[in-house]
Amino acid sequence: MRYKMRKMNWQKTRENLIKIFFEFSGIISIAVLAGIFIFLAFTGMQAFKEISFAQFFLEKEWNPTSYGNPQWGILAMLAGTAYISLGALIIAVPVGIATAIYLAEIASPFMRETLKPIIEMIAAIPSVVLGLFGLIFLAPIVSALFNINSGLNALSTSILVAIMTLPTIVSISEDIIREVPREYKEAAFAMGATRWEVIKKVVIPVSSSGIFASVMLGLGRAIGETMLVLMVAGNARAFPGSFLDPVRPLTANIAIEIKEVVSGDLHYQALFATGLILFAITFVINLASDIIIHKQLKKLKP
Amino acid sequence: MKNGRLAREKIIFTLIKIAAFFSAAILILIVFYVFIKGISVVDFKFIFEEVQQRDITKGGIWQAIVGTVYLGLGIFAVTIPIGISAAIFLNEYAPDTKLSRVIRISIRNLAGVPSIIYGLFGLAVFVHFLNFKTSLLSAVLTLSSMTLPWIITASEESLKAVPFDFREASLAMGATKWQTIKKIVIPQALPGMITGSILGLSRALGETAPIIVVGATFYCRGLPDSPFDKFMALPYHLFILATQHVHIQARQYALGTAVVLIAVIFIMSITAILIRYHYRKKKYA
């Protein structure tokens with residue numbers, strides 16, 4: 001009896017220890033996210049001891065290595081990021097949403113099962129390969145079309161980043177569209193609506209906030225894209241005037257300069273500060289779209 | 001009246017269809033373009049001989065291939081145990097508690113953090129704070145932080161697919177929770193978890209921005225001897241050849257490297273899918 005009791009107790013302890021082990025593995029994800037924020041904030045905020053916020057956010061010149069008169073304005077690079085991510089969305093949103101509608105509402109099951117994996121495979125192409133494709137294939141075409149010296153500019157980059165964001169937009173929009181209850185559509189068909197009218201008047205309005213969230217997630221990916229912009233955007237520090245100008249977005253700037261700086265000096269800290277801003281932007285975008293998608297799914301699947 | 005509406009529908013559906021086929025065609029265009037342009041430099045020597053820094057046409061890309069394989073093995077060793085354990089916690093122990101909700105939010109947010117930010121994180125934590133220097137180890141840990149959320153998500157999907165009755169049957173027989181997980185849930189879910197993990201891993205191997213920051217080098221003689229050495233990797237080698245190498249055939253060799261990189265990723269993906277297929281067939285045989 002006593003032996004049995006001890007055995008039971010040990011089993012209980014063991015079960016608890018195992019649970020704690022699994023719990024700990026789960027907590028690592030929180031620790032990584034918190035760690036990213038803490039390390040970025042800790043190093044990045046030190047930069048603002050010497051650089052004022054106004055100088056950092058409102059000035060266009062970024063020239064940290066200028067002897068005696070370093071410049072720390074990120075406005076031109078923010079504009080570069082904005083040009084590329086908005087340009088990418090202008091291309092990817094119509095194509096992506098149309099593709100999602102096709103897959104969810106129009107395609108035969110066979111077409112859907114063939115096309116969806118192919119489109120999702122785009123996410124498996126390393127961005128450095130897409131960058132190479134841009135350098136060799138797309139940039140010469142853009143430069144010939146617009147009769148400019150180099151096709152390494154915001155336009156070429158936007159096209160390639162649009163390709164990168166397509167799988168995100170298509171995949172999530174399609175999932176949301178498929179959740180629209182059949183009864184909604186059948187009610188419209190019963191009223192004599194054509195298939196397109198059902199899509200336009202029922203399916204799209206019902207799933208609109210989810211589609212919007214997928215576009216936001218696409219935007220988050222576009223803002224964070226690094227290798228593509230490093231290879232194709234042209235890397236000019238000047239404030240861009242048009243889509244045909246070369247640009248240097250925030251991500252590319254970090255990738256270019258971080259290897260040349262001494263750990264702990266002001267330039268290093270300033271790069272971490274730009275990282276902190278990127279992190280904050282993508283964090284807000286991801287959190288917001290996450291909330292929207294969950295609300296949408298809850299509404300459709302009560 | 002309805003005829004006009006149907007005609008309009010036809011036009012719009014055609015446009016939508018074109019957009020969908022265009023999306024799929026892009027992938028095929030890129031992959032074919034890279035293969036056709038790059039395959040000519042890929043031969044036995046290209047794969048198995050070391051990089052000759054002076055004249056790239058005299059050597060191959062062996063160190064870069066081995067570096068990427070080491071990286072993959074390291075990430076696998078770190079993320080599989082942690083990722084699967086975390087998924088078990090989320091799905092089996094705490095489907096909907098405050099803690100699990102925070103973990104889930106963290107996972108989804110980690111998946112959206114730009115890769116260069118992981119590079120900065122790795123630089124601050126692994127390279128400087130833990131003093132691993134720029135090394136293979138730092139790169140493995142940095143990319144593992146990035147891959148972990150994908151592995152957890154994939155593993156959880158697979159755990160969700162195990163029918164609830166299986167667990168209840170086992171618990172009703174007097175098995176403890178851990179016995180049920182070990183003997184029933186994990187064997188059922190493992191093929192799916194491995195498949196999802198390999199797919200996540202194959203994507204991590206294409207990442208370039210983080211490893212530039214924490215440990216990859218554009219050239220090293222021979223292979224890394226220890227985890228504290230710097231290393232070469234396929235995507236970084238490709239990047240250097242494409243943008244910074246002066247050799248007249250550098251782009252050609254970049255395309256060849258891209259062919260090898262895509263081949264590695266595709267082989268891994270196909271293996272993963274075959275594993276899933278094999279076990280599915282067995283399950284319902």
# chains A, B, ... in the order shown; residues from 1 in each chain; ligands from 1
>>> residues_around(residues="Ile20 in chain A", least_positions_apart="4", cutoff="12 Å", atoms="only C-alpha atoms", output="PyMOL selection string")
(chain A and resi 13-16+24-27) or (chain B and resi 85-86+88-89+93-94+178)
>>> residues_around(residues="Pro187 in chain B", least_positions_apart="6", cutoff="12 Å", atoms="only C-alpha atoms", output="ChimeraX atom specification")
/B:158-159,162,166,179-181,193-194,279,283
>>> closest_residue(among="A:Gly224, A:Gly241, A:Pro167, A:Gly264", to="chain B", atoms="only C-alpha atoms")
A:Gly224
>>> closest_residue(among="B:Ile16, B:Ala7, B:Tyr70, B:Ile267", to="Ala104 in chain A", atoms="only C-alpha atoms")
B:Ile16
>>> residues_around(residues="Ile97 in chain A", least_positions_apart="5", cutoff="10 Å", atoms="only C-alpha atoms", output="number ranges by chain")
A: 92, 102-103, 166, 169-174, 204, 211-212, 214-215; B: 16, 19-20
>>> write_last_selection(atoms="C-alpha atoms", output="tab-separated table (two decimals), in the first residue's frame")
chain	number	residue	atom	x	y	z
A	92	ALA	CA	-0.07	42.99	-55.78
A	102	TYR	CA	-10.72	32.88	-58.68
A	103	LEU	CA	-9.39	30.13	-56.40
A	166	LEU	CA	1.47	37.73	-53.56
A	169	ILE	CA	-2.31	38.14	-49.92
A	170	VAL	CA	-3.66	35.26	-52.03
A	171	SER	CA	-3.43	32.58	-49.38
A	172	ILE	CA	-5.04	34.51	-46.52
A	173	SER	CA	-7.71	36.21	-48.66
A	174	GLU	CA	-8.67	32.88	-50.16
A	204	ILE	CA	-16.50	40.59	-51.16
A	211	ILE	CA	-9.07	40.76	-47.21
A	212	PHE	CA	-7.94	44.11	-45.87
A	214	SER	CA	-4.27	40.10	-45.71
A	215	VAL	CA	-3.21	43.24	-47.58
B	16	ILE	CA	-9.91	37.35	-62.92
B	19	ALA	CA	-4.78	37.39	-62.98
B	20	ALA	CA	-4.78	33.96	-61.34
>>> closest_residue(among="A:Val232, A:Leu115, A:Ile291, A:Leu250", to="chain B", atoms="only C-alpha atoms")
A:Leu115
>>> interface_residues(of="chain A", to="chain B", cutoff="6 Å", atoms="only C-alpha atoms", output="mmCIF file with N, CA and C atoms, in the first residue's frame")
data_model
loop_
_atom_site.group_PDB
_atom_site.id
_atom_site.type_symbol
_atom_site.label_atom_id
_atom_site.label_comp_id
_atom_site.auth_asym_id
_atom_site.auth_seq_id
_atom_site.Cartn_x
_atom_site.Cartn_y
_atom_site.Cartn_z
ATOM 1 N N PHE A 22 7.354 21.304 -21.163
ATOM 2 C CA PHE A 22 6.640 21.756 -22.355
ATOM 3 C C PHE A 22 6.273 23.233 -22.247
ATOM 4 N N GLU A 23 5.866 23.618 -21.046
ATOM 5 C CA GLU A 23 5.486 25.004 -20.811
ATOM 6 C C GLU A 23 6.672 25.924 -21.114
ATOM 7 N N SER A 25 9.212 25.331 -23.086
ATOM 8 C CA SER A 25 9.446 25.406 -24.535
ATOM 9 C C SER A 25 8.521 26.422 -25.177
ATOM 10 N N GLY A 26 7.284 26.475 -24.686
ATOM 11 C CA GLY A 26 6.335 27.433 -25.235
ATOM 12 C C GLY A 26 6.732 28.867 -24.925
ATOM 13 N N ILE A 30 7.854 33.673 -26.444
ATOM 14 C CA ILE A 30 7.630 34.986 -25.827
ATOM 15 C C ILE A 30 8.986 35.630 -25.547
ATOM 16 N N ILE A 36 13.966 40.478 -28.706
ATOM 17 C CA ILE A 36 14.180 41.329 -29.874
ATOM 18 C C ILE A 36 13.887 42.776 -29.499
ATOM 19 N N VAL A 95 -4.057 42.039 -58.360
ATOM 20 C CA VAL A 95 -3.741 40.691 -58.859
ATOM 21 C C VAL A 95 -4.023 39.646 -57.780
ATOM 22 N N ALA A 98 -7.861 39.255 -57.013
ATOM 23 C CA ALA A 98 -8.506 38.558 -58.133
ATOM 24 C C ALA A 98 -8.148 37.072 -58.103
ATOM 25 N N THR A 99 -6.890 36.777 -57.822
ATOM 26 C CA THR A 99 -6.469 35.374 -57.766
ATOM 27 C C THR A 99 -7.196 34.634 -56.645
ATOM 28 N N ILE A 118 1.158 26.131 -56.309
ATOM 29 C CA ILE A 118 2.170 26.808 -57.136
ATOM 30 C C ILE A 118 2.375 28.229 -56.618
ATOM 31 N N ILE A 119 1.259 28.925 -56.350
ATOM 32 C CA ILE A 119 1.379 30.309 -55.890
ATOM 33 C C ILE A 119 2.032 30.351 -54.502
ATOM 34 N N ILE A 122 5.809 30.373 -54.311
ATOM 35 C CA ILE A 122 6.569 31.621 -54.500
ATOM 36 C C ILE A 122 7.253 31.999 -53.194
ATOM 37 N N ALA A 124 8.609 30.146 -51.214
ATOM 38 C CA ALA A 124 9.793 29.334 -50.962
ATOM 39 C C ALA A 124 10.999 29.791 -51.794
ATOM 40 N N PRO A 126 13.981 31.868 -52.425
ATOM 41 C CA PRO A 126 14.755 32.790 -51.601
ATOM 42 C C PRO A 126 14.768 34.176 -52.241
ATOM 43 N N TRP A 196 -21.194 36.631 -60.729
ATOM 44 C CA TRP A 196 -20.380 37.812 -60.469
ATOM 45 C C TRP A 196 -21.066 38.750 -59.487
ATOM 46 N N GLY A 224 9.511 44.869 -44.700
ATOM 47 C CA GLY A 224 10.647 44.158 -44.132
ATOM 48 C C GLY A 224 11.563 43.511 -45.141
#
>>> atom_distance(atom1="CA of Phe272 in chain A", atom2="CA of Pro249 in chain A")
14.7 Å
>>> residues_around(residues="His237 in chain B", least_positions_apart="4", cutoff="7 Å", atoms="only C-alpha atoms", output="NGL selection string")
:B and (64 or 218 or 232-233 or 241)
>>> atom_distance(atom1="CA of Lys19 in chain A", atom2="CA of Leu73 in chain B")
27.4 Å
>>> closest_residue(among="B:Ile56, B:Ala216, B:Met173, B:Ile198", to="Leu274 in chain B", atoms="only C-alpha atoms")
B:Ile198
